[in-house]
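**Q** Just structure_1.cif, nothing more (mmCIF, C-alpha atoms):
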data_my_file
loop_
_atom_site.label_atom_id
_atom_site.label_comp_id
_atom_site.auth_asym_id
_atom_site.auth_seq_id
_atom_site.Cartn_x
_atom_site.Cartn_y
_atom_site.Cartn_z
CA MET E 1 245.15 -107.76 -229.79
CA ILE E 2 241.38 -107.43 -230.32
CA ALA E 3 239.72 -110.84 -230.27
CA VAL E 4 236.28 -109.87 -231.59
CA ARG E 5 235.77 -110.28 -235.33
CA ARG E 6 233.50 -107.70 -236.94
CA ARG E 7 233.32 -108.73 -240.59
CA ALA E 8 229.54 -108.28 -240.43
CA ALA E 9 228.03 -106.23 -237.62
CA LEU E 10 224.24 -106.26 -237.79
CA VAL E 11 222.44 -103.25 -236.31
CA ALA E 12 219.00 -103.87 -234.81
CA PRO E 13 216.55 -101.54 -233.04
CA GLY E 14 216.73 -101.82 -229.28
CA SER E 15 213.05 -101.05 -228.97
CA ASP E 16 211.78 -103.99 -231.04
CA ASP E 17 212.01 -107.35 -229.28
CA ARG E 18 211.14 -109.39 -232.38
CA LYS E 19 213.68 -107.72 -234.66
CA ALA E 20 216.36 -107.76 -231.98
CA ARG E 21 215.89 -111.48 -231.34
CA LYS E 22 215.99 -112.20 -235.07
CA ALA E 23 219.27 -110.29 -235.29
CA LEU E 24 220.68 -112.15 -232.29
CA ALA E 25 219.86 -115.47 -233.96
CA SER E 26 221.66 -114.43 -237.17
CA PRO E 27 225.17 -115.49 -238.26
CA ALA E 28 226.51 -111.93 -237.95
CA ASP E 29 229.82 -111.68 -236.08
CA GLU E 30 228.39 -108.93 -233.89
CA VAL E 31 224.91 -107.60 -233.18
CA VAL E 32 224.63 -103.92 -232.27
CA LEU E 33 221.42 -103.15 -230.40
CA ASP E 34 220.57 -99.54 -231.09
CA LEU E 35 219.31 -97.12 -228.45
CA GLU E 36 219.98 -94.02 -230.55
CA ASP E 37 218.56 -93.38 -234.03
CA ALA E 38 216.21 -96.38 -234.02
CA VAL E 39 214.43 -95.29 -230.82
CA THR E 40 212.14 -92.27 -230.41
CA PRO E 41 212.57 -90.07 -227.31
CA ASP E 42 209.37 -91.38 -225.72
CA HIS E 43 210.64 -94.96 -225.91
CA LYS E 44 214.25 -94.51 -224.74
CA ASP E 45 213.68 -95.81 -221.20
CA ALA E 46 211.71 -98.86 -222.29
CA ALA E 47 214.29 -99.68 -224.99
CA ARG E 48 217.11 -99.43 -222.45
CA ASP E 49 215.36 -101.95 -220.22
CA LEU E 50 214.73 -104.31 -223.15
CA VAL E 51 218.36 -104.13 -224.30
CA ALA E 52 219.57 -104.91 -220.78
CA ARG E 53 217.35 -108.01 -220.69
CA LEU E 54 218.46 -109.16 -224.14
CA ALA E 55 222.11 -108.65 -223.25
CA ALA E 56 221.66 -110.75 -220.12
CA GLU E 57 220.02 -113.50 -222.18
CA PHE E 58 222.36 -113.57 -225.19
CA GLY E 59 225.55 -111.73 -224.23
CA ARG E 60 227.42 -114.78 -222.95
CA GLU E 61 226.69 -116.76 -226.11
CA ARG E 62 227.56 -114.27 -228.84
CA THR E 63 229.05 -110.82 -229.38
CA VAL E 64 226.49 -108.19 -228.39
CA SER E 65 227.22 -104.46 -228.38
CA VAL E 66 224.97 -101.49 -227.70
CA ARG E 67 224.87 -98.15 -229.49
CA ILE E 68 223.95 -95.65 -226.82
CA ASN E 69 222.84 -92.04 -227.12
CA GLY E 70 225.70 -89.64 -227.58
CA PRO E 71 227.61 -87.37 -225.22
CA GLY E 72 225.63 -84.26 -224.44
CA THR E 73 222.25 -85.99 -224.67
CA ARG E 74 220.09 -86.44 -221.60
CA TRP E 75 220.21 -90.23 -222.05
CA PHE E 76 223.99 -90.65 -222.19
CA ALA E 77 224.63 -91.26 -218.48
CA ALA E 78 221.62 -93.55 -218.02
CA ASP E 79 222.57 -95.61 -221.07
CA LEU E 80 226.12 -96.10 -219.80
CA ALA E 81 224.87 -96.99 -216.33
CA ALA E 82 222.61 -99.65 -217.83
CA VAL E 83 225.25 -101.27 -220.03
CA ARG E 84 228.15 -101.25 -217.56
CA SER E 85 226.70 -104.25 -215.74
CA ALA E 86 225.35 -105.97 -218.87
CA ALA E 87 226.97 -108.96 -220.60
CA ILE E 88 228.06 -107.00 -223.67
CA ALA E 89 231.31 -106.80 -225.60
CA SER E 90 231.29 -103.06 -226.12
CA VAL E 91 229.37 -99.83 -226.15
CA VAL E 92 229.21 -97.87 -229.40
CA ILE E 93 229.40 -94.13 -228.78
CA PRO E 94 227.89 -92.06 -231.60
CA LYS E 95 229.11 -88.72 -232.93
CA VAL E 96 232.50 -88.95 -231.25
CA GLU E 97 234.40 -85.76 -231.96
CA SER E 98 237.38 -85.98 -229.61
CA ALA E 99 239.20 -88.29 -227.24
CA ALA E 100 237.47 -86.37 -224.42
CA ASP E 101 234.18 -88.05 -225.38
CA LEU E 102 235.81 -91.44 -224.80
CA THR E 103 237.49 -90.32 -221.59
CA GLU E 104 234.10 -89.27 -220.23
CA ALA E 105 232.65 -92.69 -221.04
CA ASP E 106 235.70 -94.42 -219.56
CA GLY E 107 235.13 -92.71 -216.23
CA MET E 108 231.51 -93.84 -216.15
CA LEU E 109 232.53 -97.42 -217.03
CA ALA E 110 235.20 -97.63 -214.31
CA GLY E 111 235.33 -101.04 -212.67
CA CYS E 112 233.79 -103.00 -215.54
CA ASP E 113 235.26 -104.73 -218.60
CA VAL E 114 233.03 -103.20 -221.28
CA ARG E 115 235.03 -101.99 -224.29
CA VAL E 116 234.23 -99.02 -226.54
CA GLN E 117 233.73 -98.38 -230.25
CA ALA E 118 233.70 -94.86 -231.66
CA LEU E 119 231.23 -93.91 -234.37
CA VAL E 120 232.78 -91.06 -236.34
CA GLU E 121 230.07 -89.20 -238.22
CA THR E 122 230.87 -85.48 -238.16
CA PRO E 123 233.51 -83.39 -239.94
CA THR E 124 235.03 -82.54 -236.55
CA GLY E 125 235.30 -86.23 -235.73
CA VAL E 126 237.11 -86.90 -239.00
CA GLU E 127 239.51 -84.01 -238.36
CA ASN E 128 240.27 -85.35 -234.87
CA ILE E 129 240.50 -89.02 -235.79
CA GLY E 130 244.20 -89.11 -234.89
CA GLU E 131 243.44 -88.44 -231.23
CA ILE E 132 240.17 -90.39 -231.11
CA VAL E 133 241.87 -93.70 -231.97
CA HIS E 134 244.05 -93.39 -228.86
CA GLY E 135 241.06 -92.98 -226.52
CA PRO E 136 240.63 -95.35 -223.56
CA ARG E 137 238.99 -98.77 -223.98
CA LEU E 138 238.79 -98.32 -227.75
CA ASP E 139 238.50 -101.44 -229.92
CA ALA E 140 237.18 -100.00 -233.19
CA VAL E 141 236.25 -96.89 -235.14
CA ILE E 142 233.26 -96.88 -237.49
CA ILE E 143 232.41 -94.40 -240.25
CA GLY E 144 228.86 -93.05 -240.01
CA TYR E 145 228.02 -92.07 -243.57
CA ALA E 146 224.48 -90.72 -243.13
CA ASP E 147 225.19 -87.97 -240.62
CA LEU E 148 228.59 -87.20 -242.10
CA GLY E 149 227.18 -86.98 -245.61
CA ALA E 150 224.43 -84.64 -244.45
CA ALA E 151 226.95 -82.40 -242.69
CA LEU E 152 229.18 -82.30 -245.77
CA GLY E 153 226.33 -81.74 -248.19
CA ARG E 154 227.32 -84.91 -250.02
CA SER E 155 224.85 -86.65 -252.30
CA PRO E 156 223.10 -89.63 -250.66
CA VAL E 157 223.90 -91.62 -253.80
CA ALA E 158 227.63 -90.83 -253.73
CA ARG E 159 229.71 -93.78 -254.87
CA PRO E 160 232.12 -95.55 -252.49
CA GLU E 161 235.16 -93.92 -254.08
CA HIS E 162 233.79 -90.46 -253.28
CA TRP E 163 234.50 -91.28 -249.64
CA LEU E 164 238.15 -92.26 -250.16
CA TYR E 165 239.60 -89.29 -248.25
CA VAL E 166 237.54 -90.08 -245.15
CA GLN E 167 238.07 -93.82 -245.45
CA ASP E 168 241.84 -93.50 -245.76
CA ARG E 169 242.09 -91.06 -242.85
CA VAL E 170 240.13 -93.38 -240.60
CA LEU E 171 241.97 -96.50 -241.77
CA HIS E 172 245.44 -94.99 -241.37
CA ALA E 173 244.66 -93.70 -237.88
CA ALA E 174 243.15 -97.03 -236.83
CA ARG E 175 246.14 -99.01 -238.05
CA ALA E 176 248.58 -96.64 -236.32
CA ALA E 177 246.70 -97.14 -233.04
CA GLY E 178 246.10 -100.88 -233.42
CA VAL E 179 242.30 -100.68 -233.44
CA GLN E 180 239.81 -102.04 -235.95
CA ALA E 181 238.50 -99.96 -238.85
CA ILE E 182 234.86 -100.79 -239.59
CA ASP E 183 232.99 -99.49 -242.61
CA GLY E 184 229.64 -97.91 -241.86
CA PRO E 185 226.33 -99.15 -243.25
CA HIS E 186 225.23 -98.89 -246.84
CA LEU E 187 221.94 -97.03 -246.67
CA GLY E 188 220.01 -99.57 -248.72
CA THR E 189 218.66 -102.76 -247.17
CA ALA E 190 219.09 -105.10 -250.13
CA ASP E 191 221.98 -107.41 -250.90
CA ASP E 192 222.27 -105.81 -254.30
CA GLU E 193 225.05 -104.70 -256.62
CA GLU E 194 225.43 -101.33 -254.87
CA PHE E 195 225.89 -102.95 -251.48
CA ARG E 196 228.37 -105.51 -252.84
CA ARG E 197 230.35 -102.80 -254.59
CA ALA E 198 230.56 -100.74 -251.39
CA ALA E 199 231.68 -103.74 -249.34
CA THR E 200 234.23 -104.86 -251.93
CA TRP E 201 235.64 -101.33 -252.13
CA THR E 202 236.37 -100.97 -248.42
CA ALA E 203 237.54 -104.57 -248.05
CA GLY E 204 240.05 -103.82 -250.79
CA LEU E 205 241.22 -100.74 -248.92
CA GLY E 206 241.91 -102.87 -245.86
CA PHE E 207 238.90 -102.39 -243.57
CA ASP E 208 238.14 -105.14 -241.09
CA GLY E 209 234.38 -105.34 -241.61
CA LYS E 210 231.14 -103.53 -242.25
CA TRP E 211 227.93 -102.58 -240.47
CA VAL E 212 224.83 -104.01 -242.12
CA ILE E 213 221.24 -102.96 -241.52
CA HIS E 214 219.44 -106.02 -242.86
CA PRO E 215 220.04 -109.75 -242.34
CA ALA E 216 220.04 -110.26 -246.11
CA GLN E 217 223.41 -108.48 -246.28
CA ILE E 218 225.20 -110.60 -243.67
CA GLU E 219 226.49 -113.42 -245.86
CA THR E 220 227.91 -111.04 -248.45
CA ALA E 221 229.68 -109.02 -245.76
CA LEU E 222 231.09 -112.15 -244.12
CA GLY E 223 232.39 -113.44 -247.42
CA THR E 224 233.79 -110.12 -248.59
CA PHE E 225 235.79 -109.52 -245.42
CA THR E 226 237.06 -113.10 -245.11
CA PRO E 227 240.27 -114.06 -246.95
CA THR E 228 239.88 -116.58 -249.74
CA ALA E 229 241.40 -120.06 -249.49
CA THR E 230 244.06 -118.97 -252.00
CA GLU E 231 244.96 -115.92 -249.92
CA ILE E 232 245.17 -118.01 -246.75
CA GLU E 233 247.39 -120.63 -248.39
CA HIS E 234 249.68 -117.94 -249.80
CA ALA E 235 249.99 -116.21 -246.40
CA ARG E 236 250.94 -119.48 -244.71
CA THR E 237 253.46 -120.25 -247.44
CA VAL E 238 255.01 -116.79 -247.10
CA LEU E 239 255.51 -117.22 -243.37
CA GLN E 240 256.90 -120.73 -243.79
CA VAL E 241 259.41 -119.62 -246.45
CA LEU E 242 260.52 -116.69 -244.30
CA ASP E 243 260.79 -118.92 -241.24
CA ASP E 244 262.99 -121.34 -243.19
CA ALA E 245 265.12 -118.41 -244.39
CA ALA E 246 265.51 -117.11 -240.85
CA GLY E 247 266.70 -120.56 -239.80
CA ARG E 248 269.48 -120.18 -242.36
CA GLY E 249 270.33 -116.72 -241.04
CA ALA E 250 268.71 -114.85 -243.97
CA GLY E 251 266.39 -111.90 -243.44
CA ALA E 252 264.74 -112.19 -246.85
CA ALA E 253 263.74 -114.96 -249.24
CA LEU E 254 262.33 -115.60 -252.68
CA LEU E 255 258.92 -117.10 -253.49
CA ASP E 256 257.85 -117.56 -257.10
CA GLY E 257 260.43 -115.00 -258.19
CA ARG E 258 259.31 -112.33 -255.71
CA MET E 259 261.32 -111.01 -252.80
CA LEU E 260 259.87 -111.67 -249.35
CA ASP E 261 260.81 -109.66 -246.29
CA GLU E 262 259.28 -108.54 -242.99
CA ALA E 263 256.86 -106.15 -244.72
CA VAL E 264 255.38 -109.07 -246.66
CA ALA E 265 255.26 -111.07 -243.45
CA VAL E 266 253.21 -108.35 -241.75
CA ALA E 267 250.64 -108.56 -244.54
CA ALA E 268 250.58 -112.36 -244.29
CA ARG E 269 250.03 -112.24 -240.53
CA ARG E 270 247.19 -109.78 -240.98
CA THR E 271 245.55 -112.11 -243.50
CA LEU E 272 245.70 -115.00 -241.05
CA SER E 273 244.47 -112.83 -238.18
CA ARG E 274 241.28 -112.27 -240.19
CA ILE E 275 240.46 -115.98 -239.86
CA GLY E 276 241.36 -116.09 -236.20
CA ALA E 277 244.67 -117.86 -236.85
#
Spell out the structure here as structure tokens.
**A**
Amino acid sequence: MIAVRRRAALVAPGSDDRKARKALASPADEVVLDLEDAVTPDHKDAARDLVARLAAEFGRERTVSVRINGPGTRWFAADLAAVRSAAIASVVIPKVESAADLTEADGMLAGCDVRVQALVETPTGVENIGEIVHGPRLDAVIIGYADLGAALGRSPVARPEHWLYVQDRVLHAARAAGVQAIDGPHLGTADDEEFRRAATWTAGLGFDGKWVIHPAQIETALGTFTPTATEIEHARTVLQVLDDAAGRGAGAALLDGRMLDEAVAVAARRTLSRIGA
């Protein structure tokens, strides 16, 4: 079972010490230091060195991950070599299109405990999501809306429900493989109605968390992907009622006029797992 919670994963540029440190001091569940889109080619080497130093300083105190440059780029091998000895939870591999991309990274990470997250942001990646989720070291899959939207020709102001096909494919595959499904970032930086609607939509679908690109969005993401007190109490009651029924030799029970069985118990356990219980 994956121990890391990713209700709010804050992405910060790996080339900016001030912004990275601000992110690392935030209440986000995870901080993803970015070596890819946020760093120009001329600054890749310097950013890699900075990220390694920040990981050494903060990685034992909080969950730090690193988005490296993707397979096929000239920085891929050097990025993996730098992070394999760093105190990080995982490496985020962008533009994953097949399990082979993860197998390649796995070979380069041999002998270390660093886990992997797959950023799915191409039509090919979506089509191959069923194999990607079974790749080695994988903890989570993330939807990358910007690149995927550009490849599809989708409007940059498309509403959350316009992405339902992709979201459901990723979610179903993740659940079948036992890995986390993380919603990609909303492209705005404000904690506004559009951001809250997007987060509420994917939380309702069943996603485990969301990438955010500004600290102002952290609290909303944390709250949206955390069960309410009522939901937690109900889940505990469900499990207690079913446990009492099992003690009597019954496989099902009634609660407030509704039938409870193992399927309801699975949902209750998932609710409690979202609070670390």
**Q** Using only C-alpha atoms, find the one residue out of E:Ala246, E:Ala190, E:Ala87, E:Ala8 that sits nearest to Ser26 of chain E.
**A**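 Looking only at the distances to Ser26 of chain E, the closest residue turns out to be E:Ala8.
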**Q** Determine, counting only C-alpha atoms, which protein, DNA and RNA residues have an atom within 12 Å of an atom of Thr189 of chain E; residues of the same chain fewer than 6 positions away are not included. Present the result as a compact mmCIF listing (two decimals) with C-alpha atoms, in the frame of the given file.
**A**
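Result written to around-v2.txt:
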# COMPACT_ATOMS: atom_id res chain seq x y z
CA LEU E 10 224.24 -106.26 -237.79
CA VAL E 11 222.44 -103.25 -236.31
CA PHE E 195 225.89 -102.95 -251.48
CA ARG E 196 228.37 -105.51 -252.84
CA TRP E 211 227.93 -102.58 -240.47
CA VAL E 212 224.83 -104.01 -242.12
CA ILE E 213 221.24 -102.96 -241.52
CA HIS E 214 219.44 -106.02 -242.86
CA PRO E 215 220.04 -109.75 -242.34
CA ALA E 216 220.04 -110.26 -246.11
CA GLN E 217 223.41 -108.48 -246.28
CA ILE E 218 225.20 -110.60 -243.67
**Q** For the provided coordinates, the residues matched by the PyMOL selection byres ((chain E and resi 262) around 12) should be stated as a list in words.
**A**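 Taken on the displayed file, the PyMOL selection byres ((chain E and resi 262) around 12) yields the residues Val238, Leu239, Val241, Leu242, Asp243, Ala245, Ala246, Ala250, Gly251, Ala252, Ala253, Met259, Leu260, Asp261, Ala263, Val264, Ala265, Val266, Ala267, Ala268 and Arg269 of chain E.
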**Q** Generate a file of the selected residues that holds C-alpha atoms, formatted as a CSV table (one decimal), in the frame of the given file.
**A**
chain,number,residue,atom,x,y,z
E,238,VAL,CA,255.0,-116.8,-247.1
E,239,LEU,CA,255.5,-117.2,-243.4
E,241,VAL,CA,259.4,-119.6,-246.4
E,242,LEU,CA,260.5,-116.7,-244.3
E,243,ASP,CA,260.8,-118.9,-241.2
E,245,ALA,CA,265.1,-118.4,-244.4
E,246,ALA,CA,265.5,-117.1,-240.8
E,250,ALA,CA,268.7,-114.8,-244.0
E,251,GLY,CA,266.4,-111.9,-243.4
E,252,ALA,CA,264.7,-112.2,-246.8
E,253,ALA,CA,263.7,-115.0,-249.2
E,259,MET,CA,261.3,-111.0,-252.8
E,260,LEU,CA,259.9,-111.7,-249.4
E,261,ASP,CA,260.8,-109.7,-246.3
E,263,ALA,CA,256.9,-106.2,-244.7
E,264,VAL,CA,255.4,-109.1,-246.7
E,265,ALA,CA,255.3,-111.1,-243.4
E,266,VAL,CA,253.2,-108.4,-241.8
E,267,ALA,CA,250.6,-108.6,-244.5
E,268,ALA,CA,250.6,-112.4,-244.3
E,269,ARG,CA,250.0,-112.2,-240.5
**Q** Could you please determine the separation between atom CA of Pro227 of chain E and atom CA of Glu30 of chain E in Å, to one decimal place?
**A**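 Calculated distance between atom CA of Pro227 of chain E and atom CA of Glu30 of chain E is 18.4 Å.
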**Q** Expanded to explicit residues, what is the PyMOL selection byres ((chain E and resi 199-204) around 8) for this file, as a ChimeraX atom specification?
**A** /E:160-161,167,183,195-198,205-210,221,224-225
**Q** Restricting the calculation to only C-alpha atoms, which member of E:Leu152, E:Val179, E:Leu187, E:Ile132 is positioned closest to Ser98 of chain E?
**A** E:Ile132
**Q** I'd like the residues picked by the PyMOL selection byres ((chain E and resi 173) around 12) written out as a list in words, using the chain letters and numbers from the file.
**A** Val126, Glu127, Asn128, Ile129, Gly130, Glu131, Ile132, Val133, His134, Gly135, Ala140, Val141, Ile142, Val166, Gln167, Asp168, Arg169, Val170, Leu171, His172, Ala174, Arg175, Ala176, Ala177, Gly178, Val179, Gln180, Ala181 and Phe207 of chain E
**Q** Using only C-alpha atoms, determine which residues lie at most 10 Å from Ala46 of chain E, disregarding the query and same-chain residues fewer than 3 positions distant; provide the list as a list in words.
**A**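 Neighbouring residues, sequence-local ones excluded: Gly14, Ser15, Leu35, Val39, Asp42, His43, Asp49, Leu50 and Val51 of chain E.
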**Q** Please determine, counting all atoms listed in the file, which residue among E:Thr228, E:Asn69, E:Thr63, E:Thr271 has the shortest atom-to-atom distance to Asp37 of chain E.
**A**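 Of E:Thr228, E:Asn69, E:Thr63, E:Thr271, the one nearest Asp37 of chain E, counting all atoms listed in the file, is E:Asn69.
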**Q** Enclose segment 110-116 of chain E, meaning all of its atoms listed in the file, in a box aligned along x, y and z, pad it by 4 Å on each side, and list the centre and edge lengths in Å to one decimal, as JSON.
**A**
{"center_x": 234.2, "center_y": -101.2, "center_z": -219.6, "size_x": 10.3, "size_y": 15.1, "size_z": 21.9}
